[in-house]
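data27.txt (compact mmCIF, C-alpha atoms) appears below.
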# COMPACT_ATOMS: atom_id res chain seq x y z
CA MET A 292 -39.32 -20.94 -16.82
CA SER A 293 -37.18 -18.16 -15.40
CA ARG A 294 -38.46 -15.03 -13.75
CA PRO A 295 -38.56 -11.80 -15.79
CA PHE A 296 -35.42 -9.67 -15.84
CA LYS A 297 -36.16 -6.21 -14.41
CA ILE A 298 -33.82 -3.61 -12.95
CA GLU A 299 -34.29 0.08 -12.26
CA ILE A 300 -31.20 2.17 -13.08
CA ALA A 301 -31.23 5.54 -11.31
CA GLU A 302 -28.45 7.21 -13.32
CA SER A 303 -29.07 8.77 -16.71
CA GLU A 304 -27.67 7.29 -19.90
CA GLU A 305 -25.41 10.33 -20.45
CA GLU A 306 -24.02 10.13 -16.92
CA LEU A 307 -23.24 6.43 -17.32
CA LYS A 308 -21.54 7.05 -20.66
CA LYS A 309 -19.45 9.87 -19.23
CA ARG A 310 -18.38 7.74 -16.23
CA LEU A 311 -17.61 4.86 -18.59
CA GLN A 312 -15.28 7.09 -20.63
CA THR A 313 -13.44 8.37 -17.55
CA ALA A 314 -13.16 5.02 -15.72
CA ARG A 315 -9.59 3.78 -15.36
CA VAL A 316 -10.05 0.36 -13.74
CA GLY A 317 -11.06 -2.45 -16.10
CA ASN A 318 -13.46 -4.10 -13.66
CA GLN A 319 -15.29 -0.80 -13.15
CA LYS A 320 -15.50 -0.28 -16.91
CA GLU A 321 -17.20 -3.65 -17.33
CA LYS A 322 -19.76 -2.83 -14.65
CA LEU A 323 -20.48 0.62 -16.09
CA GLN A 324 -20.73 -0.88 -19.59
CA MET A 325 -23.31 -3.36 -18.30
CA LEU A 326 -25.40 -0.58 -16.73
CA TRP A 327 -25.14 1.58 -19.86
CA TRP A 328 -26.29 -1.30 -22.08
CA LEU A 329 -29.26 -1.90 -19.78
CA LYS A 330 -30.19 1.79 -19.58
CA SER A 331 -29.91 2.32 -23.36
CA GLY A 332 -31.97 -0.80 -24.06
CA GLN A 333 -29.27 -2.58 -26.08
CA VAL A 334 -29.48 -5.65 -23.84
CA LYS A 335 -32.62 -7.32 -22.45
CA GLU A 336 -31.28 -10.54 -20.82
CA GLN A 337 -28.59 -11.41 -18.29
CA GLN A 338 -27.22 -14.17 -20.51
CA GLU A 339 -26.59 -11.65 -23.27
CA ILE A 340 -24.69 -9.37 -20.87
CA GLY A 341 -22.57 -12.34 -19.80
CA LYS A 342 -21.79 -13.24 -23.41
CA ARG A 343 -20.88 -9.67 -24.37
CA LEU A 344 -18.61 -9.17 -21.35
CA GLY A 345 -17.17 -12.68 -21.41
CA ARG A 346 -18.37 -13.27 -17.84
CA ASP A 347 -20.46 -15.98 -16.27
CA THR A 348 -24.11 -15.14 -15.62
CA SER A 349 -23.57 -15.68 -11.88
CA THR A 350 -21.04 -12.82 -11.91
CA VAL A 351 -23.52 -10.57 -13.70
CA THR A 352 -26.20 -11.56 -11.16
CA ARG A 353 -23.87 -10.70 -8.26
CA TRP A 354 -23.07 -7.30 -9.80
CA LEU A 355 -26.75 -6.52 -10.29
CA GLN A 356 -27.54 -7.53 -6.69
CA LYS A 357 -24.82 -5.15 -5.47
CA TYR A 358 -26.29 -2.38 -7.60
CA ARG A 359 -29.83 -3.04 -6.34
CA SER A 360 -28.77 -3.05 -2.70
CA GLY A 361 -26.25 -0.18 -2.62
CA GLY A 362 -26.41 1.72 -5.87
CA LEU A 363 -23.57 2.72 -8.16
CA SER A 364 -21.10 3.49 -5.36
CA SER A 365 -21.53 -0.02 -3.91
CA LEU A 366 -21.13 -1.60 -7.35
CA LEU A 367 -17.93 0.30 -8.17
CA GLU A 368 -16.35 -0.02 -4.72
CA ILE A 369 -12.85 -1.49 -4.78
CA LYS A 370 -12.05 -3.41 -1.62
CA LYS A 371 -8.48 -3.53 -0.39
CA ALA A 372 -7.00 -6.23 1.82
CA PRO A 373 -5.83 -4.93 5.19
CA GLY A 374 -2.37 -6.50 4.90
CA ALA A 375 -0.13 -7.89 7.59
CA ARG A 376 0.61 -6.25 10.92
CA ARG A 377 3.94 -4.50 11.32
CA LYS A 378 6.71 -6.52 12.85
CA ILE A 379 8.24 -3.51 14.63
CA SER A 380 6.09 -1.58 17.11
CA ASP A 381 5.61 2.19 16.80
CA HIS A 382 7.39 2.75 20.10
CA ALA A 383 10.41 0.72 18.94
CA ILE A 384 10.55 2.67 15.65
CA ALA A 385 10.48 6.00 17.49
CA SER A 386 13.27 4.99 19.86
CA LEU A 387 15.30 3.52 16.97
CA LYS A 388 14.96 6.81 15.12
CA GLU A 389 16.22 8.68 18.21
CA GLU A 390 19.11 6.27 18.63
CA LEU A 391 20.15 6.69 14.99
CA GLN A 392 20.23 10.50 15.50
CA THR A 393 22.81 10.26 18.29
CA GLN A 394 26.54 10.54 17.71
CA LYS A 395 27.12 6.99 18.92
CA GLY A 396 24.95 5.26 16.32
CA PHE A 397 25.29 1.55 15.56
CA SER A 398 28.21 -0.41 14.17
CA SER A 399 26.05 -2.51 11.82
CA TYR A 400 22.51 -3.58 11.03
CA GLY A 401 23.17 -6.72 13.09
CA ALA A 402 23.84 -4.46 16.07
CA ILE A 403 20.46 -2.83 15.50
CA VAL A 404 18.83 -6.28 15.52
CA GLU A 405 20.52 -7.06 18.85
CA TRP A 406 19.58 -3.64 20.26
CA LEU A 407 15.89 -4.16 19.36
CA LYS A 408 15.97 -7.59 20.99
CA LYS A 409 17.62 -6.25 24.15
CA GLU A 410 15.77 -2.95 24.55
CA HIS A 411 12.30 -3.79 23.23
CA GLY A 412 12.18 -7.59 23.35
CA GLN A 413 11.40 -7.83 19.64
CA ASP A 414 13.10 -10.58 17.65
CA ILE A 415 13.17 -9.11 14.15
CA GLU A 416 14.99 -10.47 11.11
CA TYR A 417 18.02 -8.72 9.66
CA GLY A 418 16.31 -8.03 6.31
CA THR A 419 13.35 -6.37 7.97
CA VAL A 420 15.62 -4.15 10.07
CA TYR A 421 17.71 -3.27 7.02
CA ALA A 422 14.63 -2.29 4.99
CA TRP A 423 13.21 -0.17 7.82
CA VAL A 424 16.44 1.65 8.65
CA ARG A 425 17.76 2.12 5.13
CA TYR A 426 14.62 2.84 3.12
CA ARG A 427 11.82 3.90 5.47
CA LEU A 428 13.86 5.85 8.00
CA GLY A 429 16.45 6.91 5.41
CA ALA A 430 19.38 6.31 7.76
CA LYS A 431 22.56 4.29 7.91
CA PRO A 432 24.43 2.92 10.91
CA LYS A 433 27.03 5.47 11.92
CA VAL A 434 30.39 4.57 13.35
CA PRO A 435 33.31 6.92 13.85
CA ARG A 436 36.41 6.03 11.91
CA PRO A 437 38.90 3.95 13.89
CA GLN A 438 41.72 5.87 15.59
CA SER A 439 44.97 4.60 16.90
CA TYR A 440 45.41 4.64 20.66
CA LYS A 441 49.03 5.69 20.09
CA GLN A 442 48.10 9.11 18.69
CA ASN A 443 49.39 12.19 20.42
CA LEU A 444 46.38 14.44 21.16
CA GLU A 445 48.52 17.61 21.40
CA LEU A 446 49.94 17.07 17.90
CA ILE A 447 46.44 16.46 16.50
CA SER A 448 45.03 19.68 17.97
CA GLU A 449 48.06 21.65 16.71
CA PHE A 450 47.59 20.14 13.24
CA LYS A 451 43.92 21.14 13.21
CA LYS A 452 44.82 24.75 14.17
CA ASN A 453 47.39 25.04 11.40
CA LEU A 454 45.07 23.39 8.86
CA VAL A 455 42.84 26.46 8.59
What's the structure tokens form of this structure?
Amino acid sequence: MSRPFKIEIAESEEELKKRLQTARVGNQKEKLQMLWWLKSGQVKEQQEIGKRLGRDTSTVTRWLQKYRSGGLSSLLEIKKAPGARRKISDHAIASLKEELQTQKGFSSYGAIVEWLKKEHGQDIEYGTVYAWVRYRLGAKPKVPRPQSYKQNLELISEFKKNLV
């Protein structure tokens, strides 16, 4: 024989219904629906909740334990994974940003990879460097256009004066 199913729901039926209507995440809707059914007296057993929601009774039990221990905020909390650590350090990103601002710039993304290895001791893949520089920093490697060593500098300056 199982123990009797009892749970005290602190929120009012109207509040639960209003939150249910404004909920955007499906998992939260299911949990609010469960609480609303219990508060309104439509459901009396955990097995019935599980059947209506299409969930196992162990899932319903876990949700109810969360609600008992931490209330509605604990039940509706969405946990987010922390993710991986960055491959490029903050100091290296700051100095890379400065270096991209200078007139000299870099000849290619491969040159940036080599520069990071030489200056900061970080061995970072080409694709990672490309994504950081191009999309996150919004920059491109800058290289002045090639000029012939045979050019006469006096003729160039005279041309520029007459151009205007």
Problem - For Trp328 (chain A), the nearest of the candidates A:Lys451, A:Lys441, A:Lys308, A:Arg346, counting only C-alpha atoms - result: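 Checking each of A:Lys451, A:Lys441, A:Lys308, A:Arg346 against Trp328 (chain A), counting only C-alpha atoms, the winner is A:Lys308.
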Once you count all atoms listed in the file, what closest atom pair and distance in Å to one decimal does each residue of region 355-390 of chain A within 10 Å of region 426-439 of chain A have, with rows by chain and rising residue number, as a tab-separated table?
residue	atom	partner	partner_atom	distance
A:Ile384	CA	A:Leu428	CA	8.9
A:Leu387	CA	A:Leu428	CA	9.4
A:Lys388	CA	A:Leu428	CA	7.3
A:Glu390	CA	A:Pro432	CA	10.0
I need the chosen residues saved as a PDB file, in the frame of the given file, with C-alpha atoms.
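Result saved to selection_10.pdb:
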ATOM      1  CA  ILE A 384      10.550   2.670  15.650  1.00  0.00           C
ATOM      2  CA  LEU A 387      15.300   3.520  16.970  1.00  0.00           C
ATOM      3  CA  LYS A 388      14.960   6.810  15.120  1.00  0.00           C
ATOM      4  CA  GLU A 390      19.110   6.270  18.630  1.00  0.00           C
TER       5      GLU A 390
END
Problem - A:Leu454, A:Leu311, A:Ala402, A:Ile379 ranked by distance to Ile415 (chain A), top pick (using all atoms listed in the file) - result: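 Of A:Leu454, A:Leu311, A:Ala402, A:Ile379, the one nearest Ile415 (chain A), counting all atoms listed in the file, is A:Ile379.
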Problem - Shell around Gln413 (chain A) at 12 Å using all atoms listed in the file, local window under 6 positions removed, as an MDAnalysis selection string - result: chainID A and resid 377:384 403:407 419:420
Resulting file, chosen residues, C-alpha atoms, as a short mmCIF file (atom, residue, chain, number, x, y, z; two decimals), in the coordinates of the input:
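Saved result, again.cif, follows:
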data_model
loop_
_atom_site.label_atom_id
_atom_site.label_comp_id
_atom_site.auth_asym_id
_atom_site.auth_seq_id
_atom_site.Cartn_x
_atom_site.Cartn_y
_atom_site.Cartn_z
CA ARG A 377 3.94 -4.50 11.32
CA LYS A 378 6.71 -6.52 12.85
CA ILE A 379 8.24 -3.51 14.63
CA SER A 380 6.09 -1.58 17.11
CA ASP A 381 5.61 2.19 16.80
CA HIS A 382 7.39 2.75 20.10
CA ALA A 383 10.41 0.72 18.94
CA ILE A 384 10.55 2.67 15.65
CA ILE A 403 20.46 -2.83 15.50
CA VAL A 404 18.83 -6.28 15.52
CA GLU A 405 20.52 -7.06 18.85
CA TRP A 406 19.58 -3.64 20.26
CA LEU A 407 15.89 -4.16 19.36
CA THR A 419 13.35 -6.37 7.97
CA VAL A 420 15.62 -4.15 10.07
#
Produce a table with one row for each residue of region 332-366 of chain A that has an atom at most 12 Å from any atom of region 297-303 of chain A, each row naming the nearest atom pair and its distance in Å at one decimal; use all atoms listed in the file; arrange rows by chain and rising residue number; format as a Markdown table.
| residue | atom | partner | partner_atom | distance |
| --- | --- | --- | --- | --- |
| A:Gly332 | CA | A:Ile300 | CA | 11.4 |
| A:Val334 | CA | A:Lys297 | CA | 11.6 |
| A:Lys335 | CA | A:Lys297 | CA | 8.9 |
| A:Glu336 | CA | A:Lys297 | CA | 9.1 |
| A:Gln337 | CA | A:Lys297 | CA | 10.0 |
| A:Thr352 | CA | A:Ile298 | CA | 11.2 |
| A:Trp354 | CA | A:Ile298 | CA | 11.8 |
| A:Leu355 | CA | A:Ile298 | CA | 8.1 |
| A:Gln356 | CA | A:Ile298 | CA | 9.7 |
| A:Lys357 | CA | A:Ile298 | CA | 11.8 |
| A:Tyr358 | CA | A:Ile300 | CA | 8.7 |
| A:Arg359 | CA | A:Ile298 | CA | 7.7 |
| A:Ser360 | CA | A:Ile298 | CA | 11.4 |
| A:Gly361 | CA | A:Ala301 | CA | 11.5 |
| A:Gly362 | CA | A:Ala301 | CA | 8.2 |
| A:Leu363 | CA | A:Glu302 | CA | 8.4 |
| A:Ser364 | CA | A:Glu302 | CA | 11.5 |
Sorted by chain and rising residue number, list the residues of region 361-382 of chain A at most 9 Å from region 313-327 of chain A (counting all atoms listed in the file), each with its closest atom pair and distance in Å to one decimal, as a Markdown table.
| residue | atom | partner | partner_atom | distance |
| --- | --- | --- | --- | --- |
| A:Leu363 | CA | A:Leu323 | CA | 8.8 |
| A:Leu366 | CA | A:Lys322 | CA | 7.5 |
| A:Leu367 | CA | A:Gln319 | CA | 5.7 |
| A:Glu368 | CA | A:Gln319 | CA | 8.5 |
| A:Ile369 | CA | A:Gln319 | CA | 8.7 |
Exercise for the section: Enter the distance from CA of Pro295 (chain A) to CA of Arg343 (chain A), in Å, rounded to one decimal. Expected result: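 Here the two named atoms are 19.8 Å from each other.
The gap separating CA of Phe296 (chain A) from CA of Ser349 (chain A) is 13.9 Å, in Å to one decimal.
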Practice task
Can you work out the spacing between CA of Lys371 (chain A) and CA of Val351 (chain A) in Å, to one decimal?
Solution key: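 It comes out at 21.3 Å.
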N, CA and C atoms modelled onto region 399-425 of chain A, as a short mmCIF file (atom, residue, chain, number, x, y, z; two decimals), in the frame of the given file:
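Output file rebuild_25.cif is given in full below:
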data_model
loop_
_atom_site.label_atom_id
_atom_site.label_comp_id
_atom_site.auth_asym_id
_atom_site.auth_seq_id
_atom_site.Cartn_x
_atom_site.Cartn_y
_atom_site.Cartn_z
N SER A 399 26.55 -1.77 12.97
CA SER A 399 26.05 -2.51 11.82
C SER A 399 24.54 -2.72 11.98
N TYR A 400 23.93 -3.27 10.94
CA TYR A 400 22.51 -3.58 11.03
C TYR A 400 22.28 -4.74 12.00
N GLY A 401 23.25 -5.63 12.11
CA GLY A 401 23.17 -6.72 13.09
C GLY A 401 23.12 -6.18 14.50
N ALA A 402 23.87 -5.09 14.75
CA ALA A 402 23.84 -4.46 16.07
C ALA A 402 22.47 -3.86 16.36
N ILE A 403 21.82 -3.37 15.33
CA ILE A 403 20.46 -2.83 15.50
C ILE A 403 19.51 -3.96 15.86
N VAL A 404 19.66 -5.12 15.21
CA VAL A 404 18.83 -6.28 15.52
C VAL A 404 19.00 -6.66 16.99
N GLU A 405 20.23 -6.71 17.44
CA GLU A 405 20.52 -7.06 18.85
C GLU A 405 19.96 -6.00 19.79
N TRP A 406 20.09 -4.74 19.42
CA TRP A 406 19.58 -3.64 20.26
C TRP A 406 18.06 -3.74 20.40
N LEU A 407 17.35 -4.02 19.29
CA LEU A 407 15.89 -4.16 19.36
C LEU A 407 15.49 -5.34 20.23
N LYS A 408 16.28 -6.42 20.16
CA LYS A 408 15.97 -7.59 20.99
C LYS A 408 16.19 -7.27 22.47
N LYS A 409 17.28 -6.56 22.76
CA LYS A 409 17.62 -6.25 24.15
C LYS A 409 16.72 -5.17 24.74
N GLU A 410 16.51 -4.09 24.01
CA GLU A 410 15.77 -2.95 24.55
C GLU A 410 14.25 -3.12 24.50
N HIS A 411 13.76 -3.72 23.42
CA HIS A 411 12.30 -3.79 23.23
C HIS A 411 11.76 -5.21 23.22
N GLY A 412 12.63 -6.20 23.31
CA GLY A 412 12.18 -7.59 23.35
C GLY A 412 11.55 -8.06 22.04
N GLN A 413 11.95 -7.45 20.95
CA GLN A 413 11.40 -7.83 19.64
C GLN A 413 12.48 -8.54 18.82
N ASP A 414 12.17 -9.78 18.45
CA ASP A 414 13.10 -10.58 17.65
C ASP A 414 12.75 -10.38 16.18
N ILE A 415 13.48 -9.49 15.52
CA ILE A 415 13.17 -9.11 14.15
C ILE A 415 14.33 -9.52 13.24
N GLU A 416 13.98 -9.99 12.06
CA GLU A 416 14.99 -10.47 11.11
C GLU A 416 15.85 -9.32 10.58
N TYR A 417 17.06 -9.68 10.18
CA TYR A 417 18.02 -8.72 9.66
C TYR A 417 17.46 -7.95 8.47
N GLY A 418 16.84 -8.66 7.52
CA GLY A 418 16.31 -8.03 6.31
C GLY A 418 15.24 -7.00 6.61
N THR A 419 14.40 -7.30 7.58
CA THR A 419 13.35 -6.37 7.97
C THR A 419 13.96 -5.11 8.57
N VAL A 420 14.94 -5.30 9.44
CA VAL A 420 15.62 -4.15 10.07
C VAL A 420 16.33 -3.32 9.01
N TYR A 421 17.00 -3.98 8.08
CA TYR A 421 17.71 -3.27 7.02
C TYR A 421 16.74 -2.42 6.21
N ALA A 422 15.60 -3.02 5.80
CA ALA A 422 14.63 -2.29 4.99
C ALA A 422 14.06 -1.10 5.75
N TRP A 423 13.76 -1.28 7.03
CA TRP A 423 13.21 -0.17 7.82
C TRP A 423 14.23 0.95 7.97
N VAL A 424 15.43 0.62 8.37
CA VAL A 424 16.44 1.65 8.65
C VAL A 424 16.87 2.34 7.36
N ARG A 425 17.18 1.56 6.35
CA ARG A 425 17.76 2.12 5.13
C ARG A 425 16.73 2.86 4.28
#
